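A quick write-up on the structure given underneath.
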Amino acid sequence: MHFRRISAMLSAFPQTTAFILGIFSVYALPPFHIFPILFVSFSGLFWLLDKTADTAKKAWKLGYIFGFGHFAFGLSWIGNALLLDIAAFGWLYPLCLLAGGAFFGLFTGLPLWLSYYFKPLIARILAFAGFWGFSEWLRSFVLTGFPWNLLGSVFAFSDTMLQTASLWGTYGLSLITILISSFPALYLCNPQKKNLLPAAGIPALLLSLLFGIGFFRLSAAAQTAGKTTVRLVQPAIPQAMKWDRNALEHNFQKYIALSRTAGLDKIDFVIWGETAVPFPLDVDKEHLQAITAAIPDNGYLITGLVRYEGKPNGGYTPFNSMFVINKQGEIIAHYDKTHLVPFGEYIPLKQYLPDRIRPVTNTIADFGTGSGPKNLHIKNFPELSATICYEIIFPRQIINGQKKPEWMINLTNDGWYGDSMGPYQHLTAARLRAVEEGITIIRAANSGISAAISPYGQVIAAIPLNIQNIMDIRLPAEASVFTFYNKHGNHVPIALYLFNIILACYISQRNHKNMKKKQIQQ
């Protein structure tokens, strides 16, 4: 009786219910990791679809509003950057929440709308999983892309459950997540005994598959420390002080002092975070010489900074860059960030926006773009590559396609977002890239979370958020391992999406023929 009352109430307000279910789904993501809530969110969404959506338009609205809640809440931490200067940018905070939900909701409205045309419910679920996967893939490059919080990241609570990303990537893991969390809707929508087995059995089977493959892969992994040693430096400088003109020299000296802590002579690479150096070292020879105090005699310093390049017609173009510097103060290699942050490092459609909208960065919306992933060759050390900040969230876009590096450095600064979901979700993205590509990732963050991540996505060691500290780590002896996903890329998850949709078409067509046959017999 209570269930009927609740059902009646929820179905009376389907769009409000969809919005709440979308918000609930975020609690399965880092840092919450309440995975079972997805059964409520996605099975509940299909229950709403079955009970309240008798047209494709209504299905679209349910999917869009579900996505609005999911993304508005899941990306709410982005607005924290605006609060660093409330007087200038605080008014944009509610607009930021609305814009996130309004735009990214399109990527959930479309899959539910398309899946509406499939019957019975099992066909809808299969189709929805495939279309959801395609929507995540599209989200990685539409308007330069923003594939944050891919649904497969809900398995980050377990190293074991992440391992199948080495086969079909996070995109494939997202598809399986949809299937696991949506199949209980078969029984929820039609509580008959015949539906109980597939509603419970298919999720149990898929979860067992993920666990079994992960357990086998980790059991077979060689996980011993190698020779190369890195020191991560996390000064936890508050973002409000990072670019304060009066604090620049103090911040710089703080990095140097932390780097010179006992044991520096045994370190191969000292690593600082994104834009850690506030001075253009390629032209500022005084600070370039000063920085050598933080470099081991036979090692190197890797640091983020803003590099400036002269324009032919005068002026300069800034680049969010990474320098590799030796003990002699020579810049032996550099990398320029390729994926720039919209409204932070450039403004999309700038000519159409009001003058008051400005990016919340030290250099206003005119960063140059790098040439893409490249390997850095440093004599006597394993070949490495680099990513800066949110570049790490892009599957299949972080590795040089010509030759896979042995390890990767990810420099970032999550200090803009305070103690929020953002830094934890960002770390999870780095872990997933490590599993997908089978590569060790060393993550240096100004305020955290700095971490060493094995090629199996395991956090070997980490410095917690907003803690000042250094950490010395030896890279794994097997810093790079083979993965099926690294070899075949997104062809694998896309093939899974197509298989799901084709299977859904077959079931739907067969159901249509059976219905016709019954009508003729009657």
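In the structure tokens, chains take letters A, B, ... by order of appearance, with residues numbered from 1 within each chain and ligands from 1 in the order shown.
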Would you return as an MDAnalysis selection string the members of region 48-267 of chain A that DSSP assigns to alpha helix (DSSP H) on this structure's backbone?
chainID A and resid 48:52 56:74 86:89 93:104 106:115 121:139 159:162 165:182 185:189 193:219 239:242 248:259
Extract, using only C-alpha atoms, all DNA, RNA and protein residues at most 12 Å from Thr228 (chain A), discarding same-chain residues fewer than 3 positions from it, and format them as a ChimeraX atom specification.
/A:225,231,266-270,299-300,380-384,406-407,472-479
Calculated over only C-alpha atoms, which of the candidates A:Val277, A:Leu264, A:Leu411, A:Ile392 has the smallest distance to Thr229 (chain A)?
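Of A:Val277, A:Leu264, A:Leu411, A:Ile392, the one nearest Thr229 (chain A) is A:Leu264, counting only C-alpha atoms.
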What are the closest atom pairs, with distances in Å to one decimal, for all residues of region 404-515 of chain A lying within 10 Å of region 240-258 of chain A? Consider only C-alpha atoms, order rows by chain and residue number, and present the result as JSON lines.
{"residue": "A:Gly415", "atom": "CA", "partner": "A:Ala240", "partner_atom": "CA", "distance": 9.0}
{"residue": "A:Trp416", "atom": "CA", "partner": "A:Ala240", "partner_atom": "CA", "distance": 8.6}
{"residue": "A:Asn446", "atom": "CA", "partner": "A:Lys242", "partner_atom": "CA", "distance": 9.5}
{"residue": "A:Gln468", "atom": "CA", "partner": "A:Leu258", "partner_atom": "CA", "distance": 9.1}
{"residue": "A:Asn469", "atom": "CA", "partner": "A:Leu258", "partner_atom": "CA", "distance": 7.7}
{"residue": "A:Ile470", "atom": "CA", "partner": "A:Leu258", "partner_atom": "CA", "distance": 6.9}
Spatial neighbours of Asn190 (chain A), 12 Å, only C-alpha atoms, chain gap at least 2 places, as an mmCIF file with C-alpha atoms, in the first residue's frame:
data_model
loop_
_atom_site.group_PDB
_atom_site.id
_atom_site.type_symbol
_atom_site.label_atom_id
_atom_site.label_comp_id
_atom_site.auth_asym_id
_atom_site.auth_seq_id
_atom_site.Cartn_x
_atom_site.Cartn_y
_atom_site.Cartn_z
ATOM 1 C CA PHE A 46 13.383 3.822 -16.459
ATOM 2 C CA TRP A 47 10.429 3.396 -14.123
ATOM 3 C CA ASP A 50 7.704 3.394 -18.430
ATOM 4 C CA LYS A 51 4.977 4.907 -16.241
ATOM 5 C CA PRO A 120 10.135 -3.923 -24.711
ATOM 6 C CA LEU A 121 11.943 -2.437 -21.708
ATOM 7 C CA ILE A 122 14.988 -4.690 -22.055
ATOM 8 C CA PHE A 183 18.382 -3.845 -15.363
ATOM 9 C CA PRO A 184 16.613 -3.890 -11.944
ATOM 10 C CA ALA A 185 14.004 -1.706 -13.674
ATOM 11 C CA LEU A 186 12.721 -4.880 -15.383
ATOM 12 C CA TYR A 187 11.288 -6.033 -12.071
ATOM 13 C CA LEU A 188 10.520 -2.546 -10.761
ATOM 14 C CA GLN A 192 6.581 -10.618 -11.876
ATOM 15 C CA LYS A 193 8.624 -13.648 -10.913
ATOM 16 C CA LYS A 194 9.918 -14.145 -14.487
ATOM 17 C CA ASN A 195 11.522 -10.677 -14.389
ATOM 18 C CA LEU A 196 13.320 -11.189 -11.089
ATOM 19 C CA ALA A 199 16.716 -7.916 -13.042
#
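Minimum atom-to-atom distances from A:Gln458, A:Arg260, A:Trp77, A:Tyr335 to Leu218 (chain A) were compared using only C-alpha atoms, and the lowest value belongs to A:Gln458.
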Step one, run DSSP on the backbone; step two, keep only residues of region 172-298 of chain A assigned to strand (DSSP E or B); then write them as number ranges by chain.
A: 225-234, 269-271, 277
Could you dump the residues just selected with N, CA and C atoms as a CSV table (one decimal), in the first residue's frame?
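Result file follows (again.csv):
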chain,number,residue,atom,x,y,z
A,225,ALA,N,59.5,-1.7,-7.1
A,225,ALA,CA,60.0,-0.4,-7.3
A,225,ALA,C,61.2,-0.4,-8.3
A,226,GLY,N,61.3,0.6,-9.1
A,226,GLY,CA,62.5,0.7,-10.0
A,226,GLY,C,63.6,1.6,-9.5
A,227,LYS,N,64.4,2.2,-10.4
A,227,LYS,CA,65.5,3.0,-10.0
A,227,LYS,C,65.2,4.5,-9.9
A,228,THR,N,64.4,4.9,-10.9
A,228,THR,CA,64.1,6.4,-11.0
A,228,THR,C,63.3,6.9,-9.8
A,229,THR,N,63.8,7.9,-9.2
A,229,THR,CA,63.2,8.5,-8.0
A,229,THR,C,62.7,9.9,-8.2
A,230,VAL,N,61.5,10.2,-7.8
A,230,VAL,CA,61.0,11.6,-8.0
A,230,VAL,C,60.6,12.2,-6.7
A,231,ARG,N,60.7,13.5,-6.6
A,231,ARG,CA,60.2,14.2,-5.4
A,231,ARG,C,59.1,15.1,-5.8
A,232,LEU,N,57.9,14.9,-5.2
A,232,LEU,CA,56.8,15.8,-5.4
A,232,LEU,C,56.7,16.9,-4.4
A,233,VAL,N,56.6,18.1,-4.8
A,233,VAL,CA,56.6,19.2,-3.9
A,233,VAL,C,55.2,19.9,-3.9
A,234,GLN,N,54.5,19.9,-2.7
A,234,GLN,CA,53.2,20.4,-2.6
A,234,GLN,C,53.2,21.5,-1.5
A,269,PHE,N,64.3,13.5,-10.1
A,269,PHE,CA,63.5,14.5,-10.6
A,269,PHE,C,62.7,15.2,-9.5
A,270,VAL,N,62.9,16.5,-9.3
A,270,VAL,CA,62.0,17.3,-8.4
A,270,VAL,C,60.9,17.8,-9.3
A,271,ILE,N,59.7,17.7,-8.8
A,271,ILE,CA,58.5,18.0,-9.6
A,271,ILE,C,57.6,19.0,-8.9
A,277,VAL,N,56.0,28.3,-10.9
A,277,VAL,CA,56.9,29.4,-11.0
A,277,VAL,C,56.2,30.6,-11.6
Shell of 12 Å around Leu281 (chain A), only C-alpha atoms, local chain residues under 6 positions omitted, as a PyMOL selection string:
chain A and resi 275+287-292+303-308+321-325+329-331+334
Find the spatial neighbours of Thr317 (chain A), counting only C-alpha atoms, within a cut-off of 10 Å - ignore same-chain residues fewer than 5 positions away - and output them as a list in words.
Val306, Arg307, Tyr308, Glu309, Gly310, Lys311, Asp366, Phe367, Gly368 and Thr369 of chain A
